[in-house]
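**Q** What follows is a structure written as structure tokens; I'll ask about it next.
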Amino acid sequence: MISKLSHVSIYVLDQSSAREFYVNKLGFKIHTDAPMGPDTQWLTVTPPDQPDLEIAIMPVKEGMTFTKESAKAMRTLIENGTFGFGVFECHDIYATYEELKAKGVKFKKEPTKEFYGIEALFQDDSGNWFSLGQKN
Amino acid sequence: MKLKEYPKIYLYKRVVHAKMYIDKNFFEALNLNLVSDEATFSKFHFIRLFKTIYSLTPHQYLRKVRMENAKFLLAQGHSITGACERSGFESVSTFTSLFKKENGTTPAVYRQLKLALRNEMKFQPNHFIPNCFAAVNELKKSNFEEVA
């Protein structure tokens, strides 16, 4: 019986720029940083209050899980903001929004009251979208 | 309710500004007066608002940021004295006892464990990469092949 999710992947255009974004802007912690082939690391980060969920920051490039064609197609989709990868929770969305905005994070939707809580939408440095939520 | 209609957003901006001031200057000899001045609040009002937003007092938050930075430096191989000084702690003895209280181990043992882990990541990366990714990158044979 499956008991929990331990790893999830986020595909990014540039692994080193994504490291800066997830660690220095979002405040995530590096869990694992191990070499995985030329110019690529197995890089996982964890949200501050969830140290057992590793988010693998996976660069989209040929020779990983991608062919040349599929890598090109995937990069275009990411750049165009096609993917919404998940929902992050925070204790105080107004404070989190103000801090991330001050750090240059791009928001598509400012904190807004919805029937399920307060929600904002932001984009990572590659173009992936995330919901930022505070429950009612 | 949209953000622009939120009545106290100007308060948030000031408290967030003070929090970011701590994040940027934690290694200095900060005191609460300096930080509350940064937020242009009275000390009492500032502590109350800060705790409402971050569930920690500014002092507790400053200590947490300093401890996290010290742990990061120790894991990178800095000496205990170096990590202590570069994180804003007043003395090595204060740092060491606080470290042990909060992390259940001494800075020396923590540093040793983290450096061993770092070496293992560097020289035996396949110990850390799940098979589904490692097999694709030919770092090791997939377990699935062994079963088949």
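The chains in the structure tokens are called A, B, ... from first to last as shown; in each chain the residues are counted from 1, and the ligands are counted from 1 in the order shown.
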Could you tell me which residues of chain A sit within 9 Å of chain B when counting only C-alpha atoms, and give me the result as a PyMOL selection string?

**A** chain A and resi 7+32-37+42+63-65+91-92+94-96+98-99+102+110-114+118

**Q** For the residues in that selection, give me N, CA and C atoms as a compact mmCIF listing (two decimals), in the first residue's frame.

**A**
# COMPACT_ATOMS: atom_id res chain seq x y z
N HIS A 7 8.98 12.29 -3.48
CA HIS A 7 9.67 13.12 -4.48
C HIS A 7 8.67 13.58 -5.53
N THR A 32 19.30 17.60 -1.37
CA THR A 32 20.35 16.80 -2.00
C THR A 32 20.92 17.56 -3.19
N ASP A 33 22.23 17.51 -3.30
CA ASP A 33 22.90 18.18 -4.41
C ASP A 33 24.05 17.26 -4.85
N ALA A 34 23.74 16.36 -5.77
CA ALA A 34 24.71 15.32 -6.16
C ALA A 34 24.90 15.36 -7.67
N PRO A 35 26.15 15.11 -8.14
CA PRO A 35 26.37 15.15 -9.60
C PRO A 35 25.59 14.07 -10.34
N MET A 36 25.02 14.47 -11.49
CA MET A 36 24.23 13.53 -12.30
C MET A 36 24.52 13.80 -13.77
N GLY A 37 25.72 13.49 -14.20
CA GLY A 37 26.05 13.72 -15.60
C GLY A 37 26.64 15.09 -15.82
N TRP A 42 21.72 16.29 -9.43
CA TRP A 42 20.46 15.82 -8.85
C TRP A 42 20.21 16.77 -7.69
N GLY A 63 19.21 14.29 -23.59
CA GLY A 63 20.10 13.36 -22.90
C GLY A 63 19.64 13.03 -21.50
N MET A 64 18.69 13.81 -20.98
CA MET A 64 18.10 13.43 -19.69
C MET A 64 16.95 12.49 -20.06
N THR A 65 15.75 12.84 -19.71
CA THR A 65 14.64 11.99 -20.12
C THR A 65 14.09 12.45 -21.47
N HIS A 91 1.37 30.60 6.07
CA HIS A 91 0.60 30.99 7.26
C HIS A 91 -0.08 32.33 7.04
N ASP A 92 0.60 33.23 6.35
CA ASP A 92 0.05 34.58 6.15
C ASP A 92 0.31 35.01 4.72
N TYR A 94 -0.69 37.56 2.90
CA TYR A 94 -0.41 38.97 2.58
C TYR A 94 1.08 39.28 2.82
N ALA A 95 1.61 38.75 3.93
CA ALA A 95 3.03 38.97 4.23
C ALA A 95 3.90 38.24 3.22
N THR A 96 3.52 37.01 2.89
CA THR A 96 4.31 36.23 1.93
C THR A 96 4.29 36.90 0.56
N GLU A 98 3.85 40.10 -0.10
CA GLU A 98 4.66 41.33 -0.07
C GLU A 98 6.15 41.00 -0.15
N GLU A 99 6.56 39.94 0.57
CA GLU A 99 7.99 39.59 0.57
C GLU A 99 8.44 39.07 -0.80
N ALA A 102 8.61 41.83 -3.28
CA ALA A 102 9.80 42.66 -3.05
C ALA A 102 11.07 41.98 -3.58
N GLU A 110 -2.99 38.65 -7.48
CA GLU A 110 -2.68 39.08 -6.12
C GLU A 110 -3.59 38.34 -5.14
N PRO A 111 -3.26 38.33 -3.84
CA PRO A 111 -4.10 37.59 -2.89
C PRO A 111 -5.57 38.02 -3.00
N THR A 112 -6.41 37.02 -3.22
CA THR A 112 -7.83 37.27 -3.44
C THR A 112 -8.64 36.24 -2.67
N LYS A 113 -9.70 36.70 -2.01
CA LYS A 113 -10.54 35.75 -1.25
C LYS A 113 -11.36 34.92 -2.21
N GLU A 114 -11.22 33.59 -2.06
CA GLU A 114 -12.03 32.65 -2.84
C GLU A 114 -12.83 31.83 -1.85
N ILE A 118 -7.75 32.11 0.73
CA ILE A 118 -7.20 33.26 0.02
C ILE A 118 -6.11 32.72 -0.91

**Q** List every residue of stretch 56-126 of chain A that DSSP, applied to the backbone, labels as strand (DSSP E or B), and write the result as a list in words.

**A** Ala56, Ile57, Met58, Pro59, Glu62, Phe66, Gly84, Phe85, Gly86, Val87, Phe88, Glu89, Lys106, Phe107, Lys108, Lys109, Glu110, Pro111, Thr112, Lys113, Glu114, Gly117, Ile118, Glu119, Ala120, Leu121, Phe122 and Gln123 of chain A

**Q** Those residues with C-alpha atoms, as a PDB file, in the first residue's frame please?

**A**
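Printed below is again.pdb as written:
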ATOM      1  CA  ALA A  56      13.575  17.659  -7.782  1.00  0.00           C
ATOM      2  CA  ILE A  57      14.618  20.620  -9.909  1.00  0.00           C
ATOM      3  CA  MET A  58      15.025  18.934 -13.283  1.00  0.00           C
ATOM      4  CA  PRO A  59      16.600  20.774 -16.219  1.00  0.00           C
ATOM      5  CA  GLU A  62      18.583  16.472 -24.418  1.00  0.00           C
ATOM      6  CA  PHE A  66      14.266  14.020 -23.315  1.00  0.00           C
ATOM      7  CA  GLY A  84       0.696  24.874 -13.259  1.00  0.00           C
ATOM      8  CA  PHE A  85       2.763  22.631 -11.001  1.00  0.00           C
ATOM      9  CA  GLY A  86       1.089  22.802  -7.620  1.00  0.00           C
ATOM     10  CA  VAL A  87      -0.172  24.666  -4.609  1.00  0.00           C
ATOM     11  CA  PHE A  88       2.023  26.027  -1.827  1.00  0.00           C
ATOM     12  CA  GLU A  89       0.536  26.949   1.516  1.00  0.00           C
ATOM     13  CA  LYS A 106       6.120  37.660 -10.730  1.00  0.00           C
ATOM     14  CA  PHE A 107       2.481  37.322  -9.701  1.00  0.00           C
ATOM     15  CA  LYS A 108      -0.383  36.602 -12.058  1.00  0.00           C
ATOM     16  CA  LYS A 109      -3.001  37.105  -9.355  1.00  0.00           C
ATOM     17  CA  GLU A 110      -2.678  39.084  -6.124  1.00  0.00           C
ATOM     18  CA  PRO A 111      -4.099  37.587  -2.894  1.00  0.00           C
ATOM     19  CA  THR A 112      -7.830  37.273  -3.437  1.00  0.00           C
ATOM     20  CA  LYS A 113     -10.538  35.752  -1.249  1.00  0.00           C
ATOM     21  CA  GLU A 114     -12.027  32.653  -2.842  1.00  0.00           C
ATOM     22  CA  GLY A 117      -9.424  30.413   1.151  1.00  0.00           C
ATOM     23  CA  ILE A 118      -7.195  33.262   0.017  1.00  0.00           C
ATOM     24  CA  GLU A 119      -5.206  32.596  -3.138  1.00  0.00           C
ATOM     25  CA  ALA A 120      -2.499  34.234  -5.234  1.00  0.00           C
ATOM     26  CA  LEU A 121      -0.738  32.919  -8.358  1.00  0.00           C
ATOM     27  CA  PHE A 122       2.965  33.285  -9.040  1.00  0.00           C
ATOM     28  CA  GLN A 123       5.467  32.148 -11.647  1.00  0.00           C
TER      29      GLN A 123
END

**Q** If you measure from atom CA of B:Phe46 to atom CA of B:Asp23, what distance in Å do you get, rounded to one decimal?

**A**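 Spanning atom CA of B:Phe46 to atom CA of B:Asp23 is a straight-line distance of 16.5 Å.
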
**Q** Would you mind writing down, as a PyMOL selection string, each residue of chain B that DSSP on the backbone assigns to helix (DSSP H, G or I)?

**A** chain B and resi 3-5+9-25+32-38+43-54+58-75+80-86+92-103+107-123+125-127+131-136+143-147

**Q** Can you write out as CSV which residues of stretch 14-95 of chain A fall within 10 Å of stretch 126-130 of chain A, alongside each residue's closest atom pair and its distance in Å to one decimal, counting only C-alpha atoms and ordering rows by chain and ascending residue number?

**A**
residue,atom,partner,partner_atom,distance
A:Asp14,CA,A:Ser126,CA,7.4
A:Gln15,CA,A:Ser126,CA,9.5
A:Ser17,CA,A:Ser126,CA,8.6
A:Ala18,CA,A:Ser126,CA,7.4
A:Phe21,CA,A:Ser126,CA,9.5
A:Arg75,CA,A:Ser126,CA,8.9
A:Thr76,CA,A:Gly127,CA,10.0
A:Leu77,CA,A:Gly127,CA,8.9
A:Ile78,CA,A:Gly127,CA,5.6
A:Glu79,CA,A:Gly127,CA,5.3
A:Asn80,CA,A:Gly127,CA,6.8
A:Gly81,CA,A:Gly127,CA,4.9
A:Thr82,CA,A:Asn128,CA,7.2
A:Phe83,CA,A:Asn128,CA,5.4
A:Gly84,CA,A:Trp129,CA,4.4
A:Phe85,CA,A:Phe130,CA,5.8
A:Gly86,CA,A:Phe130,CA,5.3
A:Val87,CA,A:Phe130,CA,5.7
A:Phe88,CA,A:Phe130,CA,7.1

**Q** For N, CA, C and O atoms, I'd like the residues from the last selection saved as a compact mmCIF listing (two decimals), in the first residue's frame.

**A**
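Written output follows (again-v4.txt):
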# COMPACT_ATOMS: atom_id res chain seq x y z
N ASP A 14 16.69 26.37 -16.65
CA ASP A 14 18.08 26.52 -16.23
C ASP A 14 18.18 26.13 -14.75
O ASP A 14 17.60 26.80 -13.89
N GLN A 15 18.92 25.06 -14.49
CA GLN A 15 18.95 24.51 -13.13
C GLN A 15 19.60 25.47 -12.14
O GLN A 15 19.15 25.60 -11.00
N SER A 17 19.81 28.81 -12.29
CA SER A 17 18.92 29.94 -12.03
C SER A 17 17.73 29.50 -11.16
O SER A 17 17.27 30.23 -10.28
N ALA A 18 17.25 28.28 -11.39
CA ALA A 18 16.13 27.75 -10.60
C ALA A 18 16.55 27.54 -9.14
O ALA A 18 15.78 27.79 -8.22
N PHE A 21 16.31 30.78 -7.50
CA PHE A 21 14.91 31.16 -7.30
C PHE A 21 14.30 30.41 -6.11
O PHE A 21 13.73 31.01 -5.20
N ARG A 75 10.59 22.87 -23.57
CA ARG A 75 11.09 24.21 -23.22
C ARG A 75 10.12 25.28 -23.70
O ARG A 75 9.84 26.25 -22.99
N THR A 76 9.59 25.08 -24.91
CA THR A 76 8.64 26.06 -25.44
C THR A 76 7.38 26.10 -24.58
O THR A 76 6.86 27.18 -24.26
N LEU A 77 6.90 24.93 -24.19
CA LEU A 77 5.69 24.88 -23.37
C LEU A 77 5.91 25.57 -22.02
O LEU A 77 5.06 26.33 -21.54
N ILE A 78 7.08 25.32 -21.41
CA ILE A 78 7.37 25.95 -20.11
C ILE A 78 7.47 27.46 -20.27
O ILE A 78 6.86 28.22 -19.49
N GLU A 79 8.22 27.90 -21.29
CA GLU A 79 8.39 29.35 -21.53
C GLU A 79 7.04 30.04 -21.74
O GLU A 79 6.86 31.20 -21.37
N ASN A 80 6.12 29.31 -22.36
CA ASN A 80 4.80 29.89 -22.63
C ASN A 80 3.86 29.85 -21.43
O ASN A 80 2.70 30.24 -21.52
N GLY A 81 4.37 29.33 -20.31
CA GLY A 81 3.55 29.31 -19.09
C GLY A 81 2.41 28.31 -19.16
O GLY A 81 1.32 28.54 -18.63
N THR A 82 2.69 27.15 -19.77
CA THR A 82 1.63 26.14 -19.95
C THR A 82 1.32 25.39 -18.65
O THR A 82 0.18 25.02 -18.41
N PHE A 83 2.36 25.21 -17.81
CA PHE A 83 2.19 24.29 -16.68
C PHE A 83 1.93 24.98 -15.34
O PHE A 83 2.66 25.89 -14.95
N GLY A 84 0.93 24.50 -14.65
CA GLY A 84 0.70 24.87 -13.26
C GLY A 84 1.12 23.68 -12.44
O GLY A 84 0.54 22.60 -12.58
N PHE A 85 2.17 23.82 -11.62
CA PHE A 85 2.76 22.63 -11.00
C PHE A 85 2.18 22.26 -9.64
O PHE A 85 2.29 21.12 -9.22
N GLY A 86 1.60 23.21 -8.93
CA GLY A 86 1.09 22.80 -7.62
C GLY A 86 0.65 23.98 -6.78
O GLY A 86 0.61 25.12 -7.24
N VAL A 87 0.33 23.66 -5.54
CA VAL A 87 -0.17 24.67 -4.61
C VAL A 87 0.74 24.70 -3.39
O VAL A 87 0.99 23.66 -2.78
N PHE A 88 1.25 25.86 -3.06
CA PHE A 88 2.02 26.03 -1.83
C PHE A 88 1.14 26.72 -0.80
O PHE A 88 0.35 27.60 -1.15
